[in-house]
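Below is one structure, written out as structure tokens; the observations come after it.
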Amino acid sequence: MTTAVITRKWYTTAEVAEMLGFGLSKTKMLVLTGEIRSVKVGRNRRILPAWVDEYVQQVTSQAEGVSA
């Protein structure tokens with residue numbers, strides 16, 4: 001018998017807030033303004049891990065541009 005391991009494909013807004021160390025309100029605002037991409041599934045918002053990485057990369061590259 002083979003055991004399948006299911007890995008997370010996407011996160012909730014609350015999970016992303018926790019990962020980034022932000023409050024839920026700030027994270028929801030980032031989603032609503034499009035700074036963090038998301039998809040709506042029924043009544044829920046979901047965020048792909050790559051989109052979280054994309055946001056972090058965008059913020060860090062902006063910070064590097066300011067300090068240079």
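Chain labels A, B, ... are given in the sequence in which chains occur in the structure tokens; within each chain residues are numbered consecutively from 1, and ligands are likewise numbered from 1 in the order shown.
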
For this session: Can you check which residues of chain A DSSP gives as strand (DSSP E) on the backbone and send them as an NGL selection string?
Result: :A and (39-41 or 44-46)

For this session: Write out as a PyMOL selection string which residues come within 7 Å of range 11-25 of chain A when counting only C-alpha atoms, dropping same-chain ones fewer than 2 positions away.
Result: chain A and resi 27-29+45-48

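Between Leu30 in chain A and the candidates A:Val56, A:Arg8, A:Ala50, A:Asn44, the tightest atom-to-atom separation, counting only C-alpha atoms, involves A:Val56.
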
Using only C-alpha atoms, which residues sit within 7 Å of range 33-43 of chain A once same-chain residues fewer than 5 positions away are excluded, as an mmCIF file with N, CA, C and O atoms, in the first residue's frame?
data_model
loop_
_atom_site.group_PDB
_atom_site.id
_atom_site.type_symbol
_atom_site.label_atom_id
_atom_site.label_comp_id
_atom_site.auth_asym_id
_atom_site.auth_seq_id
_atom_site.Cartn_x
_atom_site.Cartn_y
_atom_site.Cartn_z
ATOM 1 N N TRP A 51 3.201 33.254 -5.067
ATOM 2 C CA TRP A 51 2.766 34.646 -5.002
ATOM 3 C C TRP A 51 3.272 35.323 -3.734
ATOM 4 O O TRP A 51 3.548 36.515 -3.744
ATOM 5 N N VAL A 52 3.378 34.555 -2.659
ATOM 6 C CA VAL A 52 3.956 35.099 -1.421
ATOM 7 C C VAL A 52 5.432 35.411 -1.668
ATOM 8 O O VAL A 52 5.918 36.495 -1.330
ATOM 9 N N TYR A 55 5.809 38.552 -3.741
ATOM 10 C CA TYR A 55 5.620 39.770 -2.946
ATOM 11 C C TYR A 55 6.884 40.087 -2.146
ATOM 12 O O TYR A 55 7.347 41.230 -2.134
#

Problem set entry | Secondary structure check, helix (DSSP H, G or I) residues of chain A, as a ChimeraX atom specification | /A:13-20,24-32,49-67
